[in-house]
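What follows is a short report on a single structure.
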Amino acid sequence: MTGVPASAGGGTGRPAPGGKLGAAAVNQASLWNIANILTMIRLVLVPAFVLLMLQDGGYDPVWRAWAWAAFAVAMITDVFDGHLARSYNLVTDFGKIADPIADKAIMAAGLITLSALGDLPWWVTGVILFRELGITLMRFWVIRHGVIPASRGGKLKTLAQGTAVGMYVLALTGGLATLRFWVMALAVVLTVVTGLDYVRQAVMLRRRGLAKERGTALDER
């Protein structure tokens, strides 16, 4: 017994062709699907990453390597859980809430820990976290008018941030230490530029939404 209503099979009580619709309905209703499990793993990795980073004062190369591994796994699961959820209809209310929280938590943990250890200027951490929090709040501000889609620049920003933080977590020296500085500089630039673009989109979306509401109100008079 799958628990799928008869209407899902066309009102006959039979499964949909190939069983795909029935399977999708079951997965959609299940909290314990692979996408959500990956999100949960990422949430667990946040405190684990912080503990590994702070071992032996936070400067032991071996512990930093383990912390990098935890950070890398968290970033990789971020790529796969969203893809799996969309591709196999595994979207749940839990995933919609937990996924962005997990994304922001692992990045914030990396930035704050690095700044606390003196490896990264606090202003860099402040700029990135202010942007991430601000865009999240802005999405809620305009959500009744529509959804601001993730842009290509936003995806590049996420990649640059993850790469830069990962390089700072490792105890790099010489040319690699210089390279990570420039990767972080690129991440900061992309953070600011894409943040301003999201603000522009949000303002335009809200204006169109308010204009549409005013037009609807006039038509109803």
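Here's how to read the names in the structure tokens: chain A, B, ... by the order shown, residue numbers from 1 in each chain, ligand numbers from 1 in the order shown.
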
Shell of 8 Å around segment 166-175 of chain A, only C-alpha atoms, local chain residues under 5 positions omitted, as a PyMOL selection string:
chain A and resi 53+59+61+64-65+67-68+71-72+110+114+119-120+180

Env of His145 of chain A: 7 Å cut, atoms = only C-alpha atoms, seq-sep filter 6 positions within chain, self excluded. Answer as a list in words.
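The neighbour list is Leu205, Arg206 and Gly209 of chain A.
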
List as a list in words the protein and nucleic acid residues near Ile97 of chain A, meaning an atom at most 12 Å away when only C-alpha atoms are counted, but skip any in the same chain fewer than 5 places from it.
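In the requested form, the answer reads Asn36, Thr39, Met40, Val91, Thr92, Ala102, Asp103, Lys104 and Thr136 of chain A.
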
Enumerate, as a ChimeraX atom specification, the complete set of residues in segment 2-212 of chain A that a backbone-based DSSP assignment places in helix (DSSP H, G or I).
/A:6-9,17-29,34-58,61-87,93-116,122-142,152-169,175-212

Residues at most 12 Å from Ser151 of chain A, counting only C-alpha atoms, excluding those fewer than 2 positions away in the same chain, as JSON, numbers by chain?
{"A": [147, 148, 149, 153, 154, 155, 156, 157, 158, 190, 193, 194, 195, 197, 198, 201]}

Those same residues, written as a PDB file, in the first residue's frame with N, CA, C and O atoms?
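This went into again-v6.pdb:
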```pdb
ATOM      1  N   VAL A 147       9.073  35.727  -7.134  1.00  0.00           N
ATOM      2  CA  VAL A 147      10.329  35.152  -6.634  1.00  0.00           C
ATOM      3  C   VAL A 147      11.489  35.670  -7.473  1.00  0.00           C
ATOM      4  O   VAL A 147      11.420  35.686  -8.703  1.00  0.00           O
ATOM      5  N   ILE A 148      12.543  36.095  -6.811  1.00  0.00           N
ATOM      6  CA  ILE A 148      13.753  36.527  -7.519  1.00  0.00           C
ATOM      7  C   ILE A 148      14.578  35.275  -7.818  1.00  0.00           C
ATOM      8  O   ILE A 148      15.068  34.623  -6.896  1.00  0.00           O
ATOM      9  N   PRO A 149      14.746  34.919  -9.078  1.00  0.00           N
ATOM     10  CA  PRO A 149      15.473  33.692  -9.403  1.00  0.00           C
ATOM     11  C   PRO A 149      16.969  33.834  -9.157  1.00  0.00           C
ATOM     12  O   PRO A 149      17.514  34.948  -9.189  1.00  0.00           O
ATOM     13  N   GLY A 153      25.381  35.109 -11.984  1.00  0.00           N
ATOM     14  CA  GLY A 153      26.341  35.815 -11.143  1.00  0.00           C
ATOM     15  C   GLY A 153      26.279  35.344  -9.704  1.00  0.00           C
ATOM     16  O   GLY A 153      27.307  35.226  -9.032  1.00  0.00           O
ATOM     17  N   GLY A 154      25.064  35.063  -9.222  1.00  0.00           N
ATOM     18  CA  GLY A 154      24.914  34.559  -7.865  1.00  0.00           C
ATOM     19  C   GLY A 154      25.566  33.206  -7.679  1.00  0.00           C
ATOM     20  O   GLY A 154      26.175  32.929  -6.635  1.00  0.00           O
ATOM     21  N   LYS A 155      25.458  32.358  -8.691  1.00  0.00           N
ATOM     22  CA  LYS A 155      26.094  31.036  -8.611  1.00  0.00           C
ATOM     23  C   LYS A 155      27.615  31.165  -8.631  1.00  0.00           C
ATOM     24  O   LYS A 155      28.326  30.442  -7.925  1.00  0.00           O
ATOM     25  N   LEU A 156      28.125  32.087  -9.460  1.00  0.00           N
ATOM     26  CA  LEU A 156      29.571  32.332  -9.492  1.00  0.00           C
ATOM     27  C   LEU A 156      30.053  32.888  -8.154  1.00  0.00           C
ATOM     28  O   LEU A 156      31.138  32.547  -7.672  1.00  0.00           O
ATOM     29  N   LYS A 157      29.226  33.745  -7.547  1.00  0.00           N
ATOM     30  CA  LYS A 157      29.549  34.301  -6.232  1.00  0.00           C
ATOM     31  C   LYS A 157      29.687  33.191  -5.201  1.00  0.00           C
ATOM     32  O   LYS A 157      30.639  33.163  -4.411  1.00  0.00           O
ATOM     33  N   THR A 158      28.731  32.269  -5.196  1.00  0.00           N
ATOM     34  CA  THR A 158      28.769  31.159  -4.254  1.00  0.00           C
ATOM     35  C   THR A 158      30.009  30.296  -4.460  1.00  0.00           C
ATOM     36  O   THR A 158      30.667  29.882  -3.499  1.00  0.00           O
ATOM     37  N   LEU A 190      32.197  40.014  -6.380  1.00  0.00           N
ATOM     38  CA  LEU A 190      30.979  39.353  -6.865  1.00  0.00           C
ATOM     39  C   LEU A 190      29.856  39.456  -5.837  1.00  0.00           C
ATOM     40  O   LEU A 190      28.679  39.597  -6.195  1.00  0.00           O
ATOM     41  N   VAL A 193      28.533  43.125  -6.200  1.00  0.00           N
ATOM     42  CA  VAL A 193      27.888  43.370  -7.496  1.00  0.00           C
ATOM     43  C   VAL A 193      26.573  42.608  -7.611  1.00  0.00           C
ATOM     44  O   VAL A 193      25.540  43.175  -7.999  1.00  0.00           O
ATOM     45  N   THR A 194      26.589  41.326  -7.268  1.00  0.00           N
ATOM     46  CA  THR A 194      25.352  40.542  -7.366  1.00  0.00           C
ATOM     47  C   THR A 194      24.329  40.999  -6.334  1.00  0.00           C
ATOM     48  O   THR A 194      23.129  40.951  -6.580  1.00  0.00           O
ATOM     49  N   GLY A 195      24.806  41.476  -5.180  1.00  0.00           N
ATOM     50  CA  GLY A 195      23.878  41.988  -4.178  1.00  0.00           C
ATOM     51  C   GLY A 195      23.141  43.215  -4.686  1.00  0.00           C
ATOM     52  O   GLY A 195      21.923  43.337  -4.521  1.00  0.00           O
ATOM     53  N   ASP A 197      22.603  43.911  -7.787  1.00  0.00           N
ATOM     54  CA  ASP A 197      21.705  43.471  -8.861  1.00  0.00           C
ATOM     55  C   ASP A 197      20.419  42.884  -8.291  1.00  0.00           C
ATOM     56  O   ASP A 197      19.328  43.122  -8.822  1.00  0.00           O
ATOM     57  N   TYR A 198      20.528  42.136  -7.183  1.00  0.00           N
ATOM     58  CA  TYR A 198      19.332  41.587  -6.539  1.00  0.00           C
ATOM     59  C   TYR A 198      18.449  42.709  -5.996  1.00  0.00           C
ATOM     60  O   TYR A 198      17.222  42.623  -6.054  1.00  0.00           O
ATOM     61  N   GLN A 201      16.557  44.081  -8.930  1.00  0.00           N
ATOM     62  CA  GLN A 201      15.476  43.186  -9.320  1.00  0.00           C
ATOM     63  C   GLN A 201      14.315  43.245  -8.333  1.00  0.00           C
ATOM     64  O   GLN A 201      13.144  43.210  -8.734  1.00  0.00           O
TER      65      GLN A 201
END
```

Selected residue of minimal separation from Gly118 of chain A among A:Gly58, A:Thr77, A:Val50, A:Ile135, counting only C-alpha atoms
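Ranked by minimum distance to Gly118 of chain A, first place goes to A:Gly58.
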
I'd like the contact shell of Phe80 of chain A - 8 Å cut-off, only C-alpha atoms, skipping same-chain residues fewer than 4 positions apart - returned as a PyMOL selection string.
chain A and resi 35+38+76+84

Spatial neighbours of Asp93 of chain A, max dist 12 Å, only C-alpha atoms, sep filter under 2 positions, as a ChimeraX atom specification:
/A:28-31,36,85,90-91,95-100

Quote the spacing between atom CA of Val142 of chain A and atom CA of Met204 of chain A in Å to one decimal place.
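Separation between atom CA of Val142 of chain A and atom CA of Met204 of chain A: 9.9 Å.
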
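Residues surrounding Gln161 of chain A within 10 Å are Met107, Leu111, Ile128, Lys155, Met167, Val183, Met184, Ala185, Leu186, Ala187, Val188, Leu190 and Thr191 of chain A [only C-alpha atoms; sequence separation below 6 positions excluded].
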
Convert the current residue selection to file output with all heavy atoms, as an mmCIF file, in the first residue's frame.
```cif
data_model
loop_
_atom_site.group_PDB
_atom_site.id
_atom_site.type_symbol
_atom_site.label_atom_id
_atom_site.label_comp_id
_atom_site.auth_asym_id
_atom_site.auth_seq_id
_atom_site.Cartn_x
_atom_site.Cartn_y
_atom_site.Cartn_z
ATOM 1 N N MET A 107 28.801 28.763 5.586
ATOM 2 C CA MET A 107 29.608 29.880 5.110
ATOM 3 C C MET A 107 29.903 30.847 6.253
ATOM 4 O O MET A 107 31.029 31.337 6.401
ATOM 5 C CB MET A 107 28.890 30.597 3.969
ATOM 6 C CG MET A 107 29.721 31.687 3.312
ATOM 7 S SD MET A 107 31.280 31.082 2.615
ATOM 8 C CE MET A 107 30.644 29.983 1.331
ATOM 9 N N LEU A 111 33.628 31.943 7.726
ATOM 10 C CA LEU A 111 34.074 33.338 7.748
ATOM 11 C C LEU A 111 34.350 33.828 9.167
ATOM 12 O O LEU A 111 35.386 34.439 9.440
ATOM 13 C CB LEU A 111 33.020 34.221 7.083
ATOM 14 C CG LEU A 111 32.843 34.039 5.569
ATOM 15 C CD1 LEU A 111 31.550 34.700 5.110
ATOM 16 C CD2 LEU A 111 34.041 34.605 4.811
ATOM 17 N N ILE A 128 30.253 40.165 3.453
ATOM 18 C CA ILE A 128 29.616 38.964 2.899
ATOM 19 C C ILE A 128 28.364 38.589 3.687
ATOM 20 O O ILE A 128 27.307 38.313 3.108
ATOM 21 C CB ILE A 128 30.615 37.793 2.870
ATOM 22 C CG1 ILE A 128 31.741 38.100 1.880
ATOM 23 C CG2 ILE A 128 29.912 36.492 2.493
ATOM 24 C CD1 ILE A 128 32.830 37.048 1.830
ATOM 25 N N LYS A 155 25.458 32.358 -8.691
ATOM 26 C CA LYS A 155 26.094 31.036 -8.611
ATOM 27 C C LYS A 155 27.615 31.165 -8.631
ATOM 28 O O LYS A 155 28.326 30.442 -7.925
ATOM 29 C CB LYS A 155 25.606 30.164 -9.761
ATOM 30 C CG LYS A 155 24.125 29.808 -9.667
ATOM 31 C CD LYS A 155 23.650 29.016 -10.866
ATOM 32 C CE LYS A 155 22.158 28.709 -10.758
ATOM 33 N NZ LYS A 155 21.657 27.969 -11.950
ATOM 34 N N MET A 167 40.257 27.801 0.731
ATOM 35 C CA MET A 167 41.700 28.054 0.632
ATOM 36 C C MET A 167 42.237 28.707 1.902
ATOM 37 O O MET A 167 43.370 28.434 2.315
ATOM 38 C CB MET A 167 41.998 28.924 -0.587
ATOM 39 C CG MET A 167 41.703 28.252 -1.915
ATOM 40 S SD MET A 167 42.043 29.303 -3.348
ATOM 41 C CE MET A 167 43.856 29.277 -3.358
ATOM 42 N N VAL A 183 41.503 35.310 -4.875
ATOM 43 C CA VAL A 183 40.222 34.595 -4.989
ATOM 44 C C VAL A 183 39.203 35.202 -4.031
ATOM 45 O O VAL A 183 38.031 35.394 -4.386
ATOM 46 C CB VAL A 183 40.404 33.086 -4.709
ATOM 47 C CG1 VAL A 183 39.048 32.374 -4.713
ATOM 48 C CG2 VAL A 183 41.316 32.451 -5.752
ATOM 49 N N MET A 184 39.649 35.544 -2.814
ATOM 50 C CA MET A 184 38.745 36.180 -1.853
ATOM 51 C C MET A 184 38.353 37.568 -2.333
ATOM 52 O O MET A 184 37.185 37.994 -2.166
ATOM 53 C CB MET A 184 39.394 36.256 -0.472
ATOM 54 C CG MET A 184 38.500 36.879 0.602
ATOM 55 S SD MET A 184 36.940 35.967 0.869
ATOM 56 C CE MET A 184 37.543 34.578 1.846
ATOM 57 N N ALA A 185 39.287 38.286 -2.935
ATOM 58 C CA ALA A 185 38.965 39.613 -3.467
ATOM 59 C C ALA A 185 37.894 39.505 -4.547
ATOM 60 O O ALA A 185 36.951 40.309 -4.593
ATOM 61 C CB ALA A 185 40.226 40.270 -4.036
ATOM 62 N N LEU A 186 38.030 38.498 -5.414
ATOM 63 C CA LEU A 186 37.014 38.258 -6.451
ATOM 64 C C LEU A 186 35.672 37.931 -5.816
ATOM 65 O O LEU A 186 34.616 38.419 -6.266
ATOM 66 C CB LEU A 186 37.463 37.118 -7.367
ATOM 67 C CG LEU A 186 36.451 36.658 -8.424
ATOM 68 C CD1 LEU A 186 36.145 37.781 -9.403
ATOM 69 C CD2 LEU A 186 36.981 35.425 -9.156
ATOM 70 N N ALA A 187 35.692 37.105 -4.760
ATOM 71 C CA ALA A 187 34.454 36.734 -4.077
ATOM 72 C C ALA A 187 33.764 37.958 -3.487
ATOM 73 O O ALA A 187 32.538 38.086 -3.564
ATOM 74 C CB ALA A 187 34.750 35.709 -2.972
ATOM 75 N N VAL A 188 34.534 38.877 -2.913
ATOM 76 C CA VAL A 188 33.958 40.091 -2.323
ATOM 77 C C VAL A 188 33.340 40.969 -3.411
ATOM 78 O O VAL A 188 32.227 41.500 -3.246
ATOM 79 C CB VAL A 188 35.024 40.876 -1.532
ATOM 80 C CG1 VAL A 188 34.473 42.238 -1.097
ATOM 81 C CG2 VAL A 188 35.480 40.082 -0.316
ATOM 82 N N LEU A 190 32.197 40.014 -6.380
ATOM 83 C CA LEU A 190 30.979 39.353 -6.865
ATOM 84 C C LEU A 190 29.856 39.456 -5.837
ATOM 85 O O LEU A 190 28.679 39.597 -6.195
ATOM 86 C CB LEU A 190 31.266 37.882 -7.182
ATOM 87 C CG LEU A 190 32.120 37.616 -8.421
ATOM 88 C CD1 LEU A 190 32.468 36.131 -8.515
ATOM 89 C CD2 LEU A 190 31.379 38.056 -9.687
ATOM 90 N N THR A 191 30.212 39.392 -4.564
ATOM 91 C CA THR A 191 29.211 39.521 -3.499
ATOM 92 C C THR A 191 28.514 40.873 -3.565
ATOM 93 O O THR A 191 27.281 40.961 -3.489
ATOM 94 C CB THR A 191 29.882 39.343 -2.124
ATOM 95 O OG1 THR A 191 30.404 38.012 -2.014
ATOM 96 C CG2 THR A 191 28.885 39.591 -0.999
#
```
